[in-house]
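These notes concern the structure reproduced below.
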Amino acid sequence: MKLMSYVTPSRASFGVADGERVYDLGCRLGGDLVALLRDGGLERAAAVVKGASADFHLDDLCFLPVVPNPGKIVCVGLNYKAHRAEGNHDTEKPAAPSLFLRTAESQTGHGRALVIPRESDQFDFEAEMAVVIGRAGRRIPRARALEHVAGISCYNDGSVRDWQLAVNQWTAGKNFPATGSFGPWMVTADEIAPDSSLALKCRLNGQVMQDTTTDLMMFDLAEQIEHVSTFMTLNPGDVIVTGTPGGVGLRRDPPVWMKHGDTVEVELEGVGILRNTVVKEPAA
């Protein structure tokens, strides 16, 4: 099942995508995707749309981030050996994953614009797999970690590099509004096992810039969930963004930055393509 969040001509809602058809869950069940996950409602959602008539065509809708209102977005840095190598980092697996947080405001949806802030011209792409938590837990053991996953999606962890690298923490460069994109939908874990080896690609204006498989993550998904849940409770609707592979624009010679008018795509096997245009924020 593909679950998505969107804006209709009259309201924000969420629903099930099936091909080009969308079945609205907001009008049938109320609430939003976080509430559905919190209430353990995935089976109920599947049942309520079975045999129903579609409410929308995909083209009728404006995509929101899959989870527009997550309690937290935890991002894993330097989680592929090739990405560590291109930045001259030690390629041995470290004792623990590098982590940072994004805010909900820093995200946008499929088909919407990623925004280069007026304060920078060093805007980089980062293709990643995102995981949506479906069941709450604290100190989750690795052997049970995947039981807490509702589904997976595509993520472009867009990075404002000069702000990110100005100091030894990454918060500023990761949280300008609409610099990361999340979508187009979440594919539930009953359809794609979250620990599958999935092809992950990034294309900039049609050119492949990043190309990997998710089994090459240094800290696999179960390890990430175990580690993060040790120091914070993971709740339904929380998001873990699992790291980007080699090939980022920063590490190319010369560097490749996203520019006004570009089109960037993140493709994750079994999920689909997250596509965004890139726009430069106007001067004040």
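How things are named: the first chain in the structure tokens is A, the next is B, and so on; residues count from 1 in each chain; ligands count from 1 in the order shown.
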Q | Polymer residues at most 9 Å from Asn156 (chain A), only C-alpha atoms, same-chain spacing of 5 or more positions, as number ranges by chain | A | A: 125-129, 179-183, 202, 244, 264-266, 274
Q) Just asking: which residues within region 21-204 of chain A are alpha helix (DSSP H) according to DSSP, as a list in words? A) Gly26, Cys27, Arg28, Leu29, Leu33, Val34, Ala35, Leu36, Leu37, Arg38, Leu42, Glu43, Arg44, Ala45, Ala46, Ala47, Val48, Val49, Lys81, Ala82, His83, Arg84, Ala85, Glu86, Arg161, Asp162, Trp163 and Gln164 of chain A
Q | Neighbour list for Trp185 (chain A) as a PyMOL selection string, cut-off 10 Å, only C-alpha atoms, skip fewer than 2 positions in-chain | A | chain A and resi 1-6+15-17+63-67+109-110+151-154+182-183+187-188+271-274
With C-alpha atoms retained, could you export that selection as a PDB file, in the first residue's frame?
ATOM      1  CA  MET A   1       0.000   0.000   0.000  1.00  0.00           C
ATOM      2  CA  LYS A   2       1.231   3.487  -0.897  1.00  0.00           C
ATOM      3  CA  LEU A   3       0.284   6.168   1.613  1.00  0.00           C
ATOM      4  CA  MET A   4       0.677   9.837   0.810  1.00  0.00           C
ATOM      5  CA  SER A   5      -0.158  13.277   2.184  1.00  0.00           C
ATOM      6  CA  TYR A   6      -1.417  16.059  -0.054  1.00  0.00           C
ATOM      7  CA  GLY A  15      -4.778   8.754   1.356  1.00  0.00           C
ATOM      8  CA  VAL A  16      -3.859   5.645  -0.579  1.00  0.00           C
ATOM      9  CA  ALA A  17      -2.337   5.896  -4.055  1.00  0.00           C
ATOM     10  CA  PHE A  63       1.989  16.621  -2.761  1.00  0.00           C
ATOM     11  CA  LEU A  64       3.016  17.280   0.815  1.00  0.00           C
ATOM     12  CA  PRO A  65       5.951  15.560   2.505  1.00  0.00           C
ATOM     13  CA  VAL A  66       4.841  11.997   3.241  1.00  0.00           C
ATOM     14  CA  VAL A  67       4.661  12.921   6.923  1.00  0.00           C
ATOM     15  CA  GLY A 109       6.847  17.374  -1.162  1.00  0.00           C
ATOM     16  CA  HIS A 110       7.208  15.643  -4.513  1.00  0.00           C
ATOM     17  CA  GLY A 151       7.236   1.841   5.543  1.00  0.00           C
ATOM     18  CA  ILE A 152       9.911   3.421   3.385  1.00  0.00           C
ATOM     19  CA  SER A 153      10.147   6.394   1.059  1.00  0.00           C
ATOM     20  CA  CYS A 154      12.573   8.540  -0.931  1.00  0.00           C
ATOM     21  CA  PHE A 182      10.253  13.626   1.083  1.00  0.00           C
ATOM     22  CA  GLY A 183       8.029  11.442  -1.062  1.00  0.00           C
ATOM     23  CA  VAL A 187       5.350   2.036   0.654  1.00  0.00           C
ATOM     24  CA  THR A 188       4.275  -0.082   3.602  1.00  0.00           C
ATOM     25  CA  VAL A 271       9.042   3.088  -4.212  1.00  0.00           C
ATOM     26  CA  GLY A 272       9.367   5.291  -7.280  1.00  0.00           C
ATOM     27  CA  ILE A 273      10.778   8.687  -8.150  1.00  0.00           C
ATOM     28  CA  LEU A 274      10.841  11.804  -5.992  1.00  0.00           C
TER      29      LEU A 274
END
What are the closest atom pairs, with distances in Å to one decimal, for all residues of region 90-206 of chain A lying within 7 Å of region 224-243 of chain A? Consider only C-alpha atoms, order rows by chain and residue number, and present the result as a tab-separated table.
residue	atom	partner	partner_atom	distance
A:Glu128	CA	A:Gly243	CA	5.6
A:Met129	CA	A:Thr242	CA	5.8
A:Ala130	CA	A:Val241	CA	4.4
A:Val131	CA	A:Ile240	CA	5.2
A:Val132	CA	A:Val239	CA	4.7
A:Ile133	CA	A:Pro236	CA	5.0
A:Gly134	CA	A:Pro236	CA	4.5
A:Arg135	CA	A:Pro236	CA	5.3
A:Ala136	CA	A:Asn235	CA	4.3
A:Gly137	CA	A:Leu234	CA	5.4
A:Arg138	CA	A:Thr233	CA	4.6
A:Arg139	CA	A:Thr230	CA	4.4
A:Ile140	CA	A:Glu226	CA	5.2
A:Pro141	CA	A:Glu226	CA	5.6
A:Arg142	CA	A:Glu226	CA	5.4
A:Ala145	CA	A:Ile225	CA	6.0
(Q) Need to verify the contact set: region 209-219 of chain A, 6 Å, only C-alpha atoms, exclusion of same-chain residues closer than 4 positions in sequence. Can you return it as a ChimeraX atom specification? (A) /A:79-80,197-203,223,247
Q: Taking the chain letters and numbering used in this document, name the residues of region 48-264 of chain A that DSSP puts in strand (DSSP E), as an NGL selection string.
A: :A and (56-57 or 62-63 or 73-77 or 98-102 or 107-108 or 113-116 or 123-124 or 127-133 or 149-156 or 159-160 or 180-188 or 199-204 or 207-213 or 239-241 or 263-264)
I want to know what sits within 9 Å of Gly111 (chain A), based on only C-alpha atoms, with residues of the same chain fewer than 3 positions away left out; could you give that as a PDB file with C-alpha atoms, in the first residue's frame?
ATOM      1  CA  CYS A  62      -0.371  18.991  -4.551  1.00  0.00           C
ATOM      2  CA  PHE A  63       1.989  16.621  -2.761  1.00  0.00           C
ATOM      3  CA  THR A 108       8.759  19.898   0.916  1.00  0.00           C
ATOM      4  CA  PRO A 184       6.187  10.874  -3.214  1.00  0.00           C
ATOM      5  CA  LEU A 274      10.841  11.804  -5.992  1.00  0.00           C
ATOM      6  CA  ARG A 275      11.151  14.728  -8.403  1.00  0.00           C
ATOM      7  CA  ASN A 276      11.657  18.403  -7.622  1.00  0.00           C
ATOM      8  CA  THR A 277      12.504  21.546  -9.477  1.00  0.00           C
TER       9      THR A 277
END
Q) What is the distance, in Å and to one decimal place, between CA of Val149 (chain A) and CA of Leu42 (chain A)? A)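 Result for CA of Val149 (chain A) versus CA of Leu42 (chain A): 12.0 Å, one decimal.
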At most 9 Å is the cut-off: for each residue in region 133-251 of chain A with any atom that close to an atom of region 114-122 of chain A, write down the nearest atom pair and the distance in Å rounded to one decimal, counting only C-alpha atoms, chain first then increasing number, as CSV.
residue,atom,partner,partner_atom,distance
A:Gly158,CA,A:Leu114,CA,8.1
A:Ser159,CA,A:Gln122,CA,8.1
A:Val160,CA,A:Gln122,CA,5.7
A:Arg161,CA,A:Gln122,CA,5.5
A:Asp162,CA,A:Gln122,CA,6.3
A:Trp163,CA,A:Ser120,CA,7.9
A:Phe176,CA,A:Pro117,CA,7.1
A:Pro177,CA,A:Val115,CA,7.4
A:Ala178,CA,A:Leu114,CA,5.5
A:Thr179,CA,A:Leu114,CA,5.3
A:Gly180,CA,A:Leu114,CA,6.8
A:Ser181,CA,A:Leu114,CA,7.2
A:Leu250,CA,A:Gln122,CA,8.2
Q | Selected residue of minimal separation from Leu33 (chain A) among A:Ala284, A:Val256, A:Ala150, A:Ala54, counting only C-alpha atoms | A |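 Under the stated criterion, the closest residue is A:Ala150.
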Q) Any idea what's packed within 12 Å of His89 (chain A), counting only C-alpha atoms, ignoring anything in its chain fewer than 4 positions away? Could you give it as a PyMOL selection string? A) chain A and resi 77-85+93-94
**Q.** Gap from CA of Glu147 (chain A) to CA of Ala96 (chain A) - Å, one decimal
**A.** 21.8 Å
